[in-house]
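Here is the structure we will look at, set down as structure tokens.
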Amino acid sequence: MSNTYIGYHFTIEPLELGSEILIAELGETAFESFIETETGVSAFVQKDLWTANILEDIYILENPEFKIEYTFEEIEQVNWNEEWEKNFSPIDVDGICHVRAPFHEPTNATFEIVIEPKMSFGTGHHETTHMVIQHLLELELTNKKTMDMGCGTAILAILAEMKGAQPIDAVDIDNWCYLNSIENTERNNCQHISVYEGDASWLNQGQKYDVFIANINRNILLNDMSTYVNCMNNEATLLLSGFYSEDIPAIQECCEALGLTFISKKERNNWVALKFEKK
């Protein structure tokens, strides 16, 4: 792959909700790194993977509720660590779990996770990751076999191990996420996490889990839900996120048709994280 990137610089109004939605939609394309700025988002895609119509299916750009403008440029040798060190701030989830970069000072949080901040999805800044962390903090995970599907930076798998879960599988279809997850599990001295590159088809090996986490997006969740449920033990917990409040009926109908029981939800800025159980 080339070291040349195409960088898009978006200005967004309203800023907070627009940035969250834009990053989520861009994350489903070839864009691999994102930096939130004072006025919006900068997003980066390898030039080899760039196409002239890369923004064609980014629906928020056509949404009249948001005003979004952008410029783009070709960039050589992006130094992600340098860029993130200028922009990345630690995350505090309910005073219990802190997520920080290696260049931040340690804290006295009950759970402190150190993530090399190379992209915003999966660092804890995104609403969906934040809410799934909250769900995990509420669960008893000791000796629970756990799956983190679409693991991103493996932050959720790392927290699960810190709370006693084992063994843990973390799977992502993106090679960068796969490699970064290995790096982050090693950085946090994890002993019970195995990282794999793949998608839901990787699950067809007879695995059974007590806790199944999938923070992806609505369409993938609906498409792969039956595969997830087939890999869950009785009394297992399913945590789902990566979609909006208006998607709840479709997600809930799909889950209940597969025999799951809705337990609870969390919501932040129209993003939701749902908890189901397999009875």
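Letters A, B, ... go to the chains of the structure tokens in the order shown; residues in each chain start at 1; ligands are counted from 1 in the same order.
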For this session: Apply DSSP to the backbone of this structure and, from segment 48-265 of chain A, keep only the residues in strand (DSSP E or B); write these as a PyMOL selection string.
Result: chain A and resi 67-76+91-93+97-100+111-114+146-149+168-172+193-197+209-215+232-244+260-265
For this session: Name the residues in contact with segment 260-267 of chain A at a cut-off of 7 Å, using only C-alpha atoms, excluding same-chain residues fewer than 6 positions from it; report them as number ranges by chain.
Result: A: 131, 273-279
Exercise. Near Thr128 of chain A, counting only C-alpha atoms, which residues have an atom at most 12 Å away, once you skip same-chain residues fewer than 6 positions from it, shown as a PyMOL selection string?
Worked result: chain A and resi 20-21+23-24+120-122+134-135+156+213-217+239-245+265-274
For this session: Name the closest residue to Ala101 of chain A among the candidates A:Thr4, A:Thr146, A:Ser89, A:Thr11; distances are taken between atoms, counting only C-alpha atoms.
Result: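 Checking each candidate against Ala101 of chain A, we get A:Ser89 as the closest.
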Do a neighbour search on Met225 of chain A at 10 Å with only C-alpha atoms, toss out local chain neighbours closer than 6 positions, and write the hits as a short mmCIF file (atom, residue, chain, number, x, y, z; two decimals) with C-alpha atoms, in the first residue's frame.
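Okay, this is what ended up in part-v2.cif:
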data_model
loop_
_atom_site.label_atom_id
_atom_site.label_comp_id
_atom_site.auth_asym_id
_atom_site.auth_seq_id
_atom_site.Cartn_x
_atom_site.Cartn_y
_atom_site.Cartn_z
CA ALA A 200 -19.16 -13.26 11.27
CA ALA A 214 -21.21 -6.35 18.68
CA ASN A 219 -27.24 -3.48 8.53
CA ILE A 251 -33.09 -4.50 15.91
CA CYS A 254 -34.90 -9.30 14.83
CA CYS A 255 -33.54 -10.25 18.26
CA LEU A 258 -34.43 -15.31 17.43
#
For this session: Could you pull out the residues in segment 137-166 of chain A that DSSP calls helix (DSSP H, G or I) from the backbone, as a list in words?
Result: Leu137, Glu138, Ile155, Leu156, Ala157, Ile158, Leu159, Ala160, Glu161 and Met162 of chain A
Got time to write the residues from that selection, all heavy atoms, as a short mmCIF file (atom, residue, chain, number, x, y, z; two decimals), in the first residue's frame?
data_model
loop_
_atom_site.label_atom_id
_atom_site.label_comp_id
_atom_site.auth_asym_id
_atom_site.auth_seq_id
_atom_site.Cartn_x
_atom_site.Cartn_y
_atom_site.Cartn_z
N LEU A 137 -19.47 -2.34 32.58
CA LEU A 137 -19.18 -2.01 33.98
C LEU A 137 -20.27 -2.53 34.91
O LEU A 137 -20.02 -2.81 36.08
CB LEU A 137 -19.04 -0.49 34.14
CG LEU A 137 -17.79 0.14 33.50
CD1 LEU A 137 -17.83 1.65 33.64
CD2 LEU A 137 -16.51 -0.41 34.13
N GLU A 138 -21.48 -2.71 34.38
CA GLU A 138 -22.60 -3.18 35.19
C GLU A 138 -22.70 -4.70 35.26
O GLU A 138 -23.44 -5.24 36.07
CB GLU A 138 -23.92 -2.62 34.62
CG GLU A 138 -24.01 -1.09 34.70
CD GLU A 138 -25.19 -0.55 33.92
OE1 GLU A 138 -25.92 -1.36 33.29
OE2 GLU A 138 -25.39 0.68 33.91
N ILE A 155 -10.76 -2.21 22.77
CA ILE A 155 -10.97 -1.59 24.07
C ILE A 155 -12.00 -2.35 24.90
O ILE A 155 -11.84 -2.51 26.12
CB ILE A 155 -11.37 -0.11 23.90
CG1 ILE A 155 -11.54 0.58 25.27
CG2 ILE A 155 -12.64 0.03 23.10
CD1 ILE A 155 -11.78 2.06 25.15
N LEU A 156 -13.05 -2.87 24.27
CA LEU A 156 -14.11 -3.57 25.01
C LEU A 156 -13.62 -4.92 25.49
O LEU A 156 -13.92 -5.35 26.61
CB LEU A 156 -15.36 -3.70 24.15
CG LEU A 156 -15.95 -2.38 23.66
CD1 LEU A 156 -17.10 -2.62 22.69
CD2 LEU A 156 -16.40 -1.52 24.84
N ALA A 157 -12.84 -5.61 24.66
CA ALA A 157 -12.25 -6.89 25.08
C ALA A 157 -11.30 -6.68 26.24
O ALA A 157 -11.26 -7.47 27.19
CB ALA A 157 -11.52 -7.54 23.90
N ILE A 158 -10.53 -5.60 26.19
CA ILE A 158 -9.57 -5.31 27.27
C ILE A 158 -10.30 -5.06 28.58
O ILE A 158 -9.92 -5.58 29.63
CB ILE A 158 -8.69 -4.11 26.87
CG1 ILE A 158 -7.77 -4.50 25.70
CG2 ILE A 158 -7.85 -3.63 28.06
CD1 ILE A 158 -7.08 -3.32 25.03
N LEU A 159 -11.37 -4.26 28.53
CA LEU A 159 -12.14 -4.01 29.75
C LEU A 159 -12.75 -5.31 30.28
O LEU A 159 -12.76 -5.55 31.49
CB LEU A 159 -13.23 -2.98 29.49
CG LEU A 159 -14.17 -2.69 30.67
CD1 LEU A 159 -13.40 -2.18 31.88
CD2 LEU A 159 -15.27 -1.70 30.27
N ALA A 160 -13.26 -6.15 29.36
CA ALA A 160 -13.84 -7.41 29.79
C ALA A 160 -12.82 -8.26 30.55
O ALA A 160 -13.13 -8.84 31.60
CB ALA A 160 -14.38 -8.18 28.58
N GLU A 161 -11.58 -8.31 30.05
CA GLU A 161 -10.56 -9.08 30.77
C GLU A 161 -10.27 -8.44 32.13
O GLU A 161 -10.11 -9.14 33.13
CB GLU A 161 -9.27 -9.19 29.97
CG GLU A 161 -8.17 -9.84 30.78
CD GLU A 161 -7.00 -10.37 29.98
OE1 GLU A 161 -7.20 -10.79 28.83
OE2 GLU A 161 -5.88 -10.37 30.51
N MET A 162 -10.20 -7.13 32.18
CA MET A 162 -9.94 -6.46 33.45
C MET A 162 -11.02 -6.78 34.47
O MET A 162 -10.76 -6.77 35.68
CB MET A 162 -9.84 -4.95 33.23
CG MET A 162 -8.60 -4.49 32.50
SD MET A 162 -8.54 -2.69 32.28
CE MET A 162 -6.89 -2.48 31.61
#
Exercise. Between A:Gly150, A:Gly95, A:Pro90, A:Gly18, which one has atoms that come closest to Lys67 of chain A, using only C-alpha atoms?
Worked result: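 Of all the options, A:Gly18 lies closest to Lys67 of chain A.
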Exercise. If you measure from atom CA of Gly7 of chain A to atom CA of Phe31 of chain A, what distance in Å do you get, rounded to one decimal?
Worked result: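 Between atom CA of Gly7 of chain A and atom CA of Phe31 of chain A the gap works out to 9.3 Å.
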Exercise. Between atom CA of Thr142 of chain A and atom CA of Ala165 of chain A, what is the spacing in Å?
Worked result: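 Value for the atom CA of Ala165 of chain A-atom CA of Thr142 of chain A distance: 4.9 Å.
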For this session: Could you please determine the separation between atom CA of Glu73 of chain A and atom CA of Glu16 of chain A in Å, to one decimal place?
Result: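 Separation of atom CA of Glu73 of chain A and atom CA of Glu16 of chain A: 23.9 Å.
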Problem set entry | Which of A:Thr51, A:Gln166, A:Asn63, A:Asn223 sits closest to Asp148 of chain A [using only C-alpha atoms] |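 The closest residue to Asp148 of chain A is A:Gln166.
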Exercise. Taking into account only C-alpha atoms, which residue in the set A:Tyr209, A:His126, A:Thr39, A:Glu74 is nearest to Glu235 of chain A?
Worked result: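 Of all the options, A:Tyr209 lies closest to Glu235 of chain A.
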Problem set entry | Non-local contacts of Gln205 of chain A (12 Å; only C-alpha atoms; under 2 positions in same chain excluded) as a PyMOL selection string | chain A and resi 200-203+207-208+227+230-231
